[in-house]
file final-v6.csv (CSV, C-alpha atoms)
chain,number,residue,atom,x,y,z
A,1,GLU,CA,-5.2,21.2,-1.3
A,2,LYS,CA,-4.9,23.6,-4.2
A,3,VAL,CA,-2.3,26.0,-5.4
A,4,LYS,CA,-2.9,28.8,-7.9
A,5,TYR,CA,-0.3,31.1,-9.3
A,6,ARG,CA,0.1,33.9,-11.8
A,7,ILE,CA,2.9,36.1,-13.1
A,8,VAL,CA,2.2,39.8,-12.8
A,9,PRO,CA,4.3,42.3,-14.8
A,10,SER,CA,5.5,45.3,-12.7
A,11,GLY,CA,7.6,47.8,-14.6
A,12,ASN,CA,10.7,45.9,-15.8
A,13,ARG,CA,10.1,43.1,-13.2
A,14,MET,CA,8.0,40.0,-13.1
A,15,ILE,CA,6.2,39.1,-9.8
A,16,LEU,CA,5.1,35.6,-9.0
A,17,GLU,CA,1.9,35.5,-7.0
A,18,ILE,CA,1.0,32.2,-5.3
A,19,ASP,CA,-2.5,31.6,-3.8
A,20,CYS,CA,-2.5,28.5,-1.6
A,21,ILE,CA,-5.8,26.9,-0.4
A,22,GLU,CA,-5.0,24.8,2.7
A,23,ARG,CA,-6.6,21.4,3.3
A,24,PRO,CA,-9.2,21.3,6.1
A,25,LYS,CA,-7.6,20.3,9.4
A,26,ALA,CA,-10.2,17.5,9.9
A,27,MET,CA,-11.8,15.2,7.3
A,28,LEU,CA,-14.6,12.6,7.6
A,29,TYR,CA,-15.0,9.8,5.0
A,30,GLY,CA,-17.7,7.3,4.8
A,31,SER,CA,-18.6,4.4,2.5
A,32,VAL,CA,-20.1,0.9,2.4
A,33,HIS,CA,-18.5,-2.5,1.6
A,34,TYR,CA,-19.7,-6.0,0.9
A,35,ASP,CA,-18.0,-9.3,0.2
A,36,PRO,CA,-18.9,-12.8,1.4
A,37,TRP,CA,-16.1,-13.0,3.9
A,38,LEU,CA,-16.3,-9.7,5.7
A,39,SER,CA,-20.1,-9.5,5.1
A,40,ALA,CA,-21.8,-6.1,4.8
A,41,GLY,CA,-20.4,-3.2,6.7
A,42,ALA,CA,-19.7,0.5,6.8
A,43,LEU,CA,-16.4,2.2,6.4
A,44,VAL,CA,-15.8,5.3,8.5
A,45,SER,CA,-12.5,7.2,8.6
A,46,ILE,CA,-11.6,10.4,10.4
A,47,SER,CA,-8.3,12.3,9.9
A,48,ALA,CA,-7.3,15.4,11.9
A,49,ARG,CA,-4.0,17.3,11.9
A,50,ASP,CA,-2.5,19.8,14.3
A,51,LEU,CA,-5.3,18.9,16.7
A,52,LEU,CA,-3.2,18.4,19.8
A,53,THR,CA,0.2,19.8,18.8
A,54,SER,CA,1.7,21.3,15.7
A,55,GLY,CA,2.9,18.6,13.3
A,56,SER,CA,0.5,15.9,14.7
A,57,VAL,CA,-1.9,13.7,12.7
A,58,ILE,CA,-4.6,11.5,14.2
A,59,ASN,CA,-6.3,8.9,12.0
A,60,LEU,CA,-9.3,6.7,12.9
A,61,ASP,CA,-10.1,4.0,10.4
A,62,SER,CA,-13.0,1.6,11.0
A,63,TYR,CA,-15.0,-1.1,9.4
A,64,ILE,CA,-18.3,-1.5,11.2
A,65,GLY,CA,-19.9,-4.9,10.8
A,66,GLN,CA,-19.9,-8.5,12.0
A,67,TYR,CA,-16.2,-8.9,11.1
A,68,TYR,CA,-15.1,-5.5,12.4
A,69,ARG,CA,-11.8,-3.7,12.2
A,70,PHE,CA,-10.7,-0.6,14.0
A,71,ARG,CA,-7.4,1.3,13.8
A,72,LEU,CA,-6.5,4.4,15.8
A,73,SER,CA,-3.1,6.1,15.3
A,74,ALA,CA,-1.4,9.3,16.3
A,75,ILE,CA,1.7,10.5,14.6
A,76,GLN,CA,3.9,13.3,15.8
A,77,PHE,CA,6.3,14.7,13.2
A,78,VAL,CA,9.5,16.1,14.6
A,79,ASP,CA,10.8,18.1,11.6
A,80,ARG,CA,9.3,20.9,9.5
A,81,SER,CA,9.2,18.8,6.3
A,82,GLN,CA,7.2,16.1,8.2
A,83,LYS,CA,9.5,13.3,7.0
A,84,PHE,CA,10.4,11.8,10.4
A,85,GLY,CA,7.8,11.0,13.0
A,86,VAL,CA,6.8,8.8,16.0
A,87,GLU,CA,3.5,6.9,15.8
A,88,ALA,CA,1.5,5.2,18.5
A,89,ALA,CA,-1.3,3.0,17.3
A,90,ILE,CA,-4.0,0.5,18.5
A,91,PHE,CA,-5.7,-2.0,16.2
A,92,THR,CA,-8.4,-4.6,16.8
A,93,ASP,CA,-10.2,-7.0,14.5
A,94,ASN,CA,-12.5,-10.0,14.2
A,95,THR,CA,-11.8,-12.2,11.2
A,96,ARG,CA,-13.1,-15.6,10.3
A,97,LEU,CA,-10.6,-18.2,9.1
A,98,PRO,CA,-12.3,-20.9,7.0
A,99,LEU,CA,-10.0,-23.9,7.6
A,100,VAL,CA,-7.7,-24.3,10.6
A,101,ALA,CA,-6.4,-27.6,12.0
A,102,LEU,CA,-7.0,-28.1,15.8
A,103,LYS,CA,-5.5,-31.4,16.9
A,104,ALA,CA,-7.3,-34.1,14.8
A,105,GLU,CA,-10.0,-31.7,13.5
A,106,THR,CA,-10.2,-29.0,10.8
A,107,GLY,CA,-12.8,-26.3,10.8
A,108,PRO,CA,-13.5,-22.6,10.8
A,109,MET,CA,-12.1,-20.3,13.5
A,110,LEU,CA,-12.5,-16.7,14.6
A,111,SER,CA,-9.3,-14.7,14.9
A,112,GLN,CA,-9.7,-11.8,17.3
A,113,ASN,CA,-6.7,-9.5,17.9
A,114,LEU,CA,-5.8,-6.5,19.9
A,115,VAL,CA,-2.4,-4.9,18.9
A,116,THR,CA,-0.8,-1.8,20.5
A,117,SER,CA,2.4,-0.5,18.8
A,118,LEU,CA,5.0,2.2,18.8
A,119,ALA,CA,6.9,3.0,15.6
A,120,LEU,CA,9.5,5.3,14.2
A,121,ARG,CA,8.6,6.4,10.6
A,122,LYS,CA,11.0,7.9,8.1
A,123,ARG,CA,9.7,9.1,4.7
A,124,LEU,CA,12.8,8.8,2.4
A,125,SER,CA,11.0,10.5,-0.5
A,126,LEU,CA,7.5,11.1,-1.8
A,127,ASN,CA,6.8,7.4,-2.4
A,128,HIS,CA,9.2,5.6,0.0
A,129,LEU,CA,8.6,4.8,3.7
A,130,MET,CA,10.8,3.1,6.3
A,131,THR,CA,9.3,1.9,9.6
A,132,LEU,CA,10.8,0.4,12.8
A,133,SER,CA,8.2,-0.7,15.2
A,134,ALA,CA,7.6,-2.6,18.5
A,135,SER,CA,4.2,-4.1,19.3
A,136,PHE,CA,2.4,-6.1,21.9
A,137,GLU,CA,-0.2,-8.5,20.4
A,138,ASN,CA,-3.0,-10.2,22.3
A,139,LYS,CA,-4.4,-12.8,19.9
A,140,HIS,CA,-7.3,-15.3,20.3
A,141,LEU,CA,-8.3,-18.2,18.1
A,142,ILE,CA,-11.9,-19.3,18.8
A,143,PRO,CA,-13.2,-22.5,17.1
A,144,ASP,CA,-16.4,-21.7,15.2
A,145,PHE,CA,-17.5,-25.3,15.6
A,146,VAL,CA,-17.9,-27.7,18.5
A,147,ALA,CA,-14.5,-29.3,19.0
A,148,SER,CA,-14.3,-32.8,20.3
A,149,SER,CA,-11.3,-31.7,22.4
A,150,ARG,CA,-13.7,-29.2,24.1
A,151,ILE,CA,-11.2,-26.4,23.4
A,152,SER,CA,-13.1,-23.2,23.2
A,153,LYS,CA,-10.3,-20.6,22.9
A,154,ILE,CA,-6.5,-20.4,22.5
A,155,SER,CA,-4.8,-17.2,23.5
A,156,TYR,CA,-1.3,-15.7,22.9
A,157,ASP,CA,0.5,-12.7,24.2
A,158,TYR,CA,3.3,-11.7,21.8
A,159,LEU,CA,6.1,-9.1,21.8
A,160,ASN,CA,7.1,-8.2,18.2
A,161,LEU,CA,9.9,-6.2,16.6
A,162,MET,CA,9.7,-5.3,12.9
A,163,TYR,CA,11.5,-3.3,10.3
A,164,THR,CA,9.7,-2.5,7.0
A,165,TYR,CA,10.7,-0.7,3.9
A,166,GLN,CA,8.0,-0.1,1.2
A,167,ALA,CA,7.5,2.0,-1.9
A,168,ASN,CA,4.4,2.9,-4.0
A,169,THR,CA,4.5,4.7,-7.3
A,170,LEU,CA,1.0,3.7,-8.6
A,171,ASN,CA,-0.8,6.3,-10.5
A,172,GLN,CA,-4.1,5.3,-8.8
A,173,LYS,CA,-5.1,2.8,-6.0
A,174,TYR,CA,-7.8,1.0,-8.0
A,175,PHE,CA,-7.3,-0.3,-11.5
A,176,PRO,CA,-3.8,1.3,-11.9
A,177,ASP,CA,-2.2,1.3,-15.3
A,178,GLN,CA,1.3,2.2,-14.4
A,179,GLY,CA,3.7,2.2,-11.4
A,180,ILE,CA,5.1,-0.3,-8.9
A,181,THR,CA,4.6,-1.3,-5.3
A,182,TYR,CA,7.2,-3.3,-3.4
A,183,GLY,CA,8.5,-3.8,0.0
A,184,VAL,CA,10.5,-6.0,2.4
A,185,SER,CA,9.9,-6.7,6.1
A,186,VAL,CA,12.0,-8.5,8.8
A,187,SER,CA,10.5,-9.3,12.2
A,188,SER,CA,11.1,-11.2,15.4
A,189,SER,CA,8.4,-12.5,17.7
A,190,LYS,CA,8.5,-13.8,21.3
A,191,LEU,CA,5.6,-15.5,23.0
A,192,LEU,CA,5.3,-14.2,26.5
A,193,ARG,CA,2.3,-16.2,27.7
A,194,GLY,CA,-0.2,-18.7,26.2
A,195,ALA,CA,-3.6,-19.9,27.5
A,196,VAL,CA,-6.1,-22.6,26.5
A,197,ARG,CA,-9.7,-22.6,27.6
A,198,VAL,CA,-11.2,-26.1,27.8
A,199,SER,CA,-14.9,-26.1,28.6
A,200,SER,CA,-15.1,-23.6,31.5
A,201,ARG,CA,-11.5,-24.0,32.7
A,202,ARG,CA,-8.6,-21.8,31.6
A,203,TYR,CA,-5.0,-23.1,31.7
A,204,THR,CA,-2.3,-20.5,31.5
A,205,TYR,CA,1.3,-21.3,30.6
A,206,GLY,CA,4.6,-19.4,30.7
A,207,PRO,CA,8.2,-20.1,29.5
A,208,ASP,CA,9.1,-22.0,32.8
A,209,ASP,CA,6.2,-24.5,32.6
A,210,GLU,CA,7.5,-27.8,31.5
A,211,ASP,CA,4.1,-29.2,30.6
A,212,SER,CA,3.3,-26.3,28.3
A,213,PRO,CA,1.7,-27.1,24.9
A,214,PHE,CA,3.2,-23.8,23.6
A,215,SER,CA,6.7,-23.1,22.3
A,216,PHE,CA,8.3,-20.0,23.7
A,217,ALA,CA,11.3,-20.0,21.4
A,218,ARG,CA,11.8,-16.7,19.5
A,219,THR,CA,10.7,-16.9,15.9
A,220,PHE,CA,11.9,-14.9,12.9
A,221,MET,CA,10.1,-13.8,9.6
A,222,THR,CA,11.3,-12.3,6.4
A,223,ARG,CA,8.9,-11.3,3.6
A,224,ALA,CA,9.3,-9.5,0.3
A,225,TRP,CA,6.7,-8.5,-2.3
A,226,PHE,CA,6.3,-6.5,-5.5
A,227,ASN,CA,3.6,-5.7,-8.1
A,228,THR,CA,4.4,-3.8,-11.2
A,229,TYR,CA,2.0,-2.3,-13.9
A,230,ALA,CA,2.6,-1.2,-17.5
A,231,SER,CA,0.3,-0.3,-20.3
A,232,PRO,CA,1.3,-1.3,-23.9
A,233,SER,CA,-1.8,0.6,-25.1
A,234,ASP,CA,-4.4,3.0,-23.8
A,235,LYS,CA,-6.9,0.2,-23.0
A,236,VAL,CA,-4.6,-2.6,-21.9
A,237,THR,CA,-2.6,-2.9,-18.6
A,238,LEU,CA,-0.2,-5.8,-17.9
A,239,SER,CA,0.9,-6.7,-14.4
A,240,ILE,CA,3.4,-9.1,-12.8
A,241,GLY,CA,4.0,-9.5,-9.1
A,242,GLY,CA,5.4,-11.9,-6.5
A,243,ASP,CA,5.3,-12.7,-2.8
A,244,PHE,CA,8.0,-14.5,-0.9
A,245,LEU,CA,7.8,-15.5,2.8
A,246,PHE,CA,10.2,-17.4,5.1
A,247,SER,CA,9.4,-17.9,8.8
A,248,SER,CA,11.3,-20.0,11.4
A,249,GLY,CA,10.2,-21.5,14.7
A,250,THR,CA,7.0,-23.1,15.7
A,251,ASP,CA,4.4,-24.3,13.2
A,252,SER,CA,1.3,-25.6,14.9
A,253,ILE,CA,-1.8,-23.9,16.3
A,254,THR,CA,-1.3,-25.2,19.8
A,255,LYS,CA,2.4,-24.4,19.9
A,256,GLY,CA,2.3,-20.9,18.4
A,257,ASN,CA,0.6,-18.5,16.0
A,258,ASP,CA,3.5,-18.4,13.6
A,259,PHE,CA,1.5,-19.1,10.4
A,260,TRP,CA,0.3,-17.1,7.4
A,261,LEU,CA,-2.7,-17.5,5.2
A,262,LEU,CA,-3.0,-17.7,1.4
A,263,GLY,CA,-6.1,-17.0,-0.7
A,264,GLY,CA,-8.5,-14.3,-2.1
A,265,THR,CA,-8.2,-11.6,-4.7
A,266,GLU,CA,-7.1,-9.2,-1.9
A,267,PRO,CA,-5.4,-9.8,1.5
A,268,LEU,CA,-7.8,-9.5,4.4
A,269,THR,CA,-5.3,-9.2,7.3
A,270,ASP,CA,-1.6,-8.3,7.9
A,271,ARG,CA,-0.9,-12.1,7.8
A,272,SER,CA,-2.7,-12.7,4.5
A,273,ILE,CA,-1.3,-13.1,1.0
A,274,ALA,CA,-3.6,-12.9,-2.0
A,275,ALA,CA,-3.9,-16.1,-4.2
A,276,ILE,CA,-6.2,-16.4,-7.1
A,277,GLY,CA,-8.3,-19.6,-7.2
A,278,PHE,CA,-8.9,-19.7,-3.4
A,279,HIS,CA,-11.1,-18.1,-0.9
A,280,PRO,CA,-9.5,-15.5,1.4
A,281,ASN,CA,-7.3,-17.1,4.1
A,282,GLN,CA,-8.2,-20.6,2.9
A,283,VAL,CA,-4.7,-22.2,3.0
A,284,LEU,CA,-2.3,-22.0,6.0
A,285,VAL,CA,1.4,-21.7,5.2
A,286,ARG,CA,4.7,-21.3,7.0
A,287,ASN,CA,6.9,-20.6,4.0
A,288,THR,CA,5.9,-19.7,0.4
A,289,GLY,CA,7.1,-18.1,-2.8
A,290,GLY,CA,5.0,-17.3,-5.8
A,291,VAL,CA,4.4,-15.2,-8.9
A,292,ARG,CA,1.2,-13.7,-10.3
A,293,PHE,CA,0.2,-12.3,-13.7
A,294,SER,CA,-2.8,-10.2,-14.8
A,295,THR,CA,-4.2,-8.5,-17.8
A,296,ASP,CA,-6.7,-5.6,-17.5
A,297,ILE,CA,-8.6,-4.6,-20.6
A,298,GLU,CA,-10.8,-1.5,-20.3
A,299,ILE,CA,-13.7,-2.5,-22.6
A,300,ALA,CA,-15.7,0.6,-21.9
A,301,THR,CA,-15.3,3.7,-19.7
A,302,ASP,CA,-14.5,2.5,-16.1
A,303,LEU,CA,-15.5,-1.1,-17.1
A,304,HIS,CA,-12.7,-3.6,-17.0
A,305,LEU,CA,-12.2,-7.2,-18.1
A,306,ILE,CA,-9.6,-8.8,-15.8
A,307,LEU,CA,-7.7,-12.0,-16.4
A,308,GLU,CA,-5.4,-13.2,-13.6
A,309,GLY,CA,-3.3,-16.2,-12.7
A,310,ASN,CA,-0.7,-17.2,-10.1
A,311,ILE,CA,1.4,-20.2,-8.9
A,312,PHE,CA,2.9,-20.7,-5.5
A,313,ALA,CA,5.3,-23.2,-3.9
A,314,LEU,CA,4.6,-23.5,-0.2
A,315,THR,CA,5.3,-25.3,3.1
A,316,GLU,CA,2.3,-26.0,5.3
A,317,PRO,CA,2.5,-25.8,9.1
A,318,ASP,CA,2.3,-29.6,9.5
A,319,ARG,CA,4.7,-30.5,6.7
A,320,ALA,CA,8.0,-32.0,7.9
A,321,ASP,CA,9.9,-31.7,4.5
A,322,GLY,CA,9.3,-30.9,0.9
A,323,PHE,CA,6.8,-28.5,-0.5
A,324,THR,CA,3.5,-28.2,-2.3
A,325,LEU,CA,2.6,-26.5,-5.6
A,326,MET,CA,-0.7,-24.6,-5.8
A,327,GLY,CA,-2.1,-22.2,-8.3
A,328,GLY,CA,-5.1,-20.8,-10.0
A,329,PHE,CA,-6.6,-18.5,-12.6
A,330,SER,CA,-9.6,-16.3,-13.0
A,331,ILE,CA,-11.7,-14.2,-15.3
A,332,GLY,CA,-13.9,-11.3,-14.1
A,333,THR,CA,-15.1,-7.8,-14.5
A,334,GLY,CA,-14.5,-4.7,-12.6
A,335,TYR,CA,-16.3,-1.4,-12.6
A,336,MET,CA,-15.4,1.8,-10.7
A,337,THR,CA,-18.5,3.3,-9.1
A,338,VAL,CA,-18.9,6.3,-6.9
A,339,ALA,CA,-19.1,3.9,-3.9
A,340,GLY,CA,-15.9,2.2,-4.8
A,341,PRO,CA,-14.8,-0.7,-7.1
A,342,LEU,CA,-17.2,-3.5,-8.0
A,343,LYS,CA,-15.6,-6.8,-8.9
A,344,VAL,CA,-17.3,-10.0,-10.0
A,345,GLY,CA,-15.8,-13.1,-11.4
A,346,VAL,CA,-15.1,-16.9,-11.4
A,347,MET,CA,-11.9,-18.6,-10.6
A,348,TYR,CA,-10.3,-22.1,-10.6
A,349,GLY,CA,-7.7,-23.3,-8.1
A,350,PHE,CA,-5.6,-26.5,-7.9
A,351,TYR,CA,-4.1,-27.8,-4.7
A,352,ASP,CA,-3.5,-31.3,-3.5
A,353,ARG,CA,-4.9,-30.7,-0.1
A,354,HIS,CA,-8.1,-29.1,-1.1
A,355,LEU,CA,-10.7,-29.5,1.7
A,356,LEU,CA,-14.4,-28.8,1.7
A,357,TYR,CA,-14.3,-26.3,-1.2
A,358,ARG,CA,-14.6,-27.0,-4.9
A,359,ASN,CA,-11.9,-26.1,-7.4
A,360,ILE,CA,-14.3,-23.7,-9.2
A,361,LYS,CA,-15.4,-20.7,-7.1
A,362,GLY,CA,-17.0,-17.3,-7.6
A,363,TYR,CA,-16.0,-14.1,-6.1
A,364,VAL,CA,-17.6,-10.7,-5.6
A,365,SER,CA,-16.7,-7.5,-3.7
A,366,MET,CA,-18.3,-4.1,-3.7
A,367,GLY,CA,-17.0,-0.8,-2.2
A,368,PHE,CA,-13.8,0.6,-0.9
A,369,SER,CA,-11.7,-1.7,1.4
A,370,PHE,CA,-10.4,-1.0,4.9
call {"tool": "encode", "arguments": {"input": "final-v6.csv", "output": "structure tokens"}}
result
Amino acid sequence: EKVKYRIVPSGNRMILEIDCIERPKAMLYGSVHYDPWLSAGALVSISARDLLTSGSVINLDSYIGQYYRFRLSAIQFVDRSQKFGVEAAIFTDNTRLPLVALKAETGPMLSQNLVTSLALRKRLSLNHLMTLSASFENKHLIPDFVASSRISKISYDYLNLMYTYQANTLNQKYFPDQGITYGVSVSSSKLLRGAVRVSSRRYTYGPDDEDSPFSFARTFMTRAWFNTYASPSDKVTLSIGGDFLFSSGTDSITKGNDFWLLGGTEPLTDRSIAAIGFHPNQVLVRNTGGVRFSTDIEIATDLHLILEGNIFALTEPDRADGFTLMGGFSIGTGYMTVAGPLKVGVMYGFYDRHLLYRNIKGYVSMGFSF
């Protein structure tokens, strides 16, 4: 955690004395968070190293609230420099999706997931990480409205393989003024089993069922993203970023879960992409590419004026050909408190398929994120 050193003269020699203060083997963190989509909750994180074996790290991250999130991971490093390790993890969450099409209806759904994974992690340098993982995902989509089809739950069991390379050189996590984050991921998914609950009856389907409403063809996904920050002056930070996604295979709720979600100032899930001008997870997409720009002006100590904008070209799950343009811009303020960043602002989004929500929206978030 801290290193002190001094040079001590001894005769005609110079002796370097180093005093190292080791970090505690276990750390407990706690905070609070609020935004309209995750609601109010408490963040609790526990990190312990060398608890079971030498070179092991156990992390527990949790968001305790109505829309909960829990992640438990155990990493065992196999080399002295702790650059290469094996990670086993389990993750579960409950997230509300505001607009999802189910047959002829569109409404909110709850997305409940349980994911178990095993990964090989290689740290190439201080800021670069490469991961190869296999995961089993048990996913549920639950209509948060009374559907005329009487469908009350759609379930999927997936086997996923993924390769990810990512880098992060930001000087700080919140309100950075220099550095870059970027990454690329390639994955393949295979639906093993699907189920639909209609009223009180549950129908289960496998790859050999000819009357299945699900598609069991293997799907592929490629995603790349970047965000770069630079400061032309002490009080001004300029940023440019982009997200690019291509997925193949099924593209409807009843045939598969191969869709991503656009919207929000920050992504809420591992299938979310931030898009200014829209609520989190508001727009379902299958393929998309877009760029974003922002200007951060520190008008007082820890108080920021933030101007943001983005534009995306996208293909929705139900689109047979062509693409749609959507975009938005916002103005807001941010303040770094002891409990985490506070952000408040107003934004405008334009999209041909806007449903239910107005073009002008407000946003607010308080506290550290999961």
call {"tool": "closest_residue", "arguments": {"input": "final-v6.csv", "among": "A:Ser272, A:Ser125, A:Ser117, A:Ser155", "to": "A:Thr204", "atoms": "all atoms listed in the file"}}
result
A:Ser155
call {"tool": "residues_around", "arguments": {"input": "final-v6.csv", "residues": "stretch 208-211 of chain A", "least_positions_apart": "2", "cutoff": "12 Å", "atoms": "all atoms listed in the file", "output": "ChimeraX atom specification"}}
result
/A:192-195,203-206,213-217,255
call {"tool": "write_last_selection", "arguments": {"input": "final-v6.csv", "atoms": "C-alpha atoms", "output": "PDB file, in the frame of the given file"}}
result
ATOM      1  CA  LEU A 192       5.300 -14.200  26.500  1.00  0.00           C
ATOM      2  CA  ARG A 193       2.300 -16.200  27.700  1.00  0.00           C
ATOM      3  CA  GLY A 194      -0.200 -18.700  26.200  1.00  0.00           C
ATOM      4  CA  ALA A 195      -3.600 -19.900  27.500  1.00  0.00           C
ATOM      5  CA  TYR A 203      -5.000 -23.100  31.700  1.00  0.00           C
ATOM      6  CA  THR A 204      -2.300 -20.500  31.500  1.00  0.00           C
ATOM      7  CA  TYR A 205       1.300 -21.300  30.600  1.00  0.00           C
ATOM      8  CA  GLY A 206       4.600 -19.400  30.700  1.00  0.00           C
ATOM      9  CA  PRO A 213       1.700 -27.100  24.900  1.00  0.00           C
ATOM     10  CA  PHE A 214       3.200 -23.800  23.600  1.00  0.00           C
ATOM     11  CA  SER A 215       6.700 -23.100  22.300  1.00  0.00           C
ATOM     12  CA  PHE A 216       8.300 -20.000  23.700  1.00  0.00           C
ATOM     13  CA  ALA A 217      11.300 -20.000  21.400  1.00  0.00           C
ATOM     14  CA  LYS A 255       2.400 -24.400  19.900  1.00  0.00           C
TER      15      LYS A 255
END
call {"tool": "residues_around", "arguments": {"input": "final-v6.csv", "residues": "A:Arg23", "least_positions_apart": "2", "cutoff": "12 Å", "atoms": "only C-alpha atoms", "output": "NGL selection string"}}
result
:A and (1-3 or 20-21 or 25-27 or 47-50)
call {"tool": "write_last_selection", "arguments": {"input": "final-v6.csv", "atoms": "C-alpha atoms", "output": "tab-separated table (two decimals), keeping the file's coordinate frame"}}
result
chain	number	residue	atom	x	y	z
A	1	GLU	CA	-5.20	21.20	-1.30
A	2	LYS	CA	-4.90	23.60	-4.20
A	3	VAL	CA	-2.30	26.00	-5.40
A	20	CYS	CA	-2.50	28.50	-1.60
A	21	ILE	CA	-5.80	26.90	-0.40
A	25	LYS	CA	-7.60	20.30	9.40
A	26	ALA	CA	-10.20	17.50	9.90
A	27	MET	CA	-11.80	15.20	7.30
A	47	SER	CA	-8.30	12.30	9.90
A	48	ALA	CA	-7.30	15.40	11.90
A	49	ARG	CA	-4.00	17.30	11.90
A	50	ASP	CA	-2.50	19.80	14.30
call {"tool": "closest_residue", "arguments": {"input": "final-v6.csv", "among": "A:Met162, A:Val146, A:Leu303, A:Ala230", "to": "A:Met130", "atoms": "all atoms listed in the file"}}
result
A:Met162
call {"tool": "closest_residue", "arguments": {"input": "final-v6.csv", "among": "A:Ile18, A:Val184, A:Val198, A:Ile276", "to": "A:Arg6", "atoms": "only C-alpha atoms"}}
result
A:Ile18
call {"tool": "residues_near_point", "arguments": {"input": "final-v6.csv", "point": "(5.5, -9.2, 21.8)", "cutoff": "9 Å", "atoms": "only C-alpha atoms", "output": "list in words"}}
result
Ala134, Ser135, Phe136, Glu137, Asn138, Asp157, Tyr158, Leu159, Asn160, Leu161, Ser188, Ser189, Lys190, Leu191 and Leu192 of chain A
call {"tool": "atom_distance", "arguments": {"input": "final-v6.csv", "atom1": "atom CA of A:Tyr363", "atom2": "atom CA of A:Ala40"}}
result
14.7 Å
call {"tool": "closest_residue", "arguments": {"input": "final-v6.csv", "among": "A:Met366, A:His354, A:His279, A:Asp321", "to": "A:Gly334", "atoms": "all atoms listed in the file"}}
result
A:Met366
call {"tool": "residues_near_point", "arguments": {"input": "final-v6.csv", "point": "(10.6, 17.9, 7.3)", "cutoff": "12 Å", "atoms": "only C-alpha atoms", "output": "ChimeraX atom specification"}}
result
/A:55,76-85,122-126
call {"tool": "atom_distance", "arguments": {"input": "final-v6.csv", "atom1": "atom CA of A:Ala147", "atom2": "atom CA of A:Ser199"}}
result
10.1 Å
call {"tool": "atom_distance", "arguments": {"input": "final-v6.csv", "atom1": "atom CA of A:Met336", "atom2": "atom CA of A:Thr301"}}
result
9.2 Å
call {"tool": "residues_around", "arguments": {"input": "final-v6.csv", "residues": "A:Leu118", "least_positions_apart": "2", "cutoff": "9 Å", "atoms": "all atoms listed in the file", "output": "list in words"}}
result
Val86, Glu87, Ala88, Ala89, Thr116, Leu120, Leu132, Ser133, Ala134 and Ser135 of chain A
call {"tool": "closest_residue", "arguments": {"input": "final-v6.csv", "among": "A:Val196, A:Ile299, A:Val115, A:Val364", "to": "A:Leu38", "atoms": "only C-alpha atoms"}}
result
A:Val364
call {"tool": "closest_residue", "arguments": {"input": "final-v6.csv", "among": "A:Val283, A:Val236, A:Ala274, A:Leu261", "to": "A:Ile306", "atoms": "all atoms listed in the file"}}
result
A:Val236
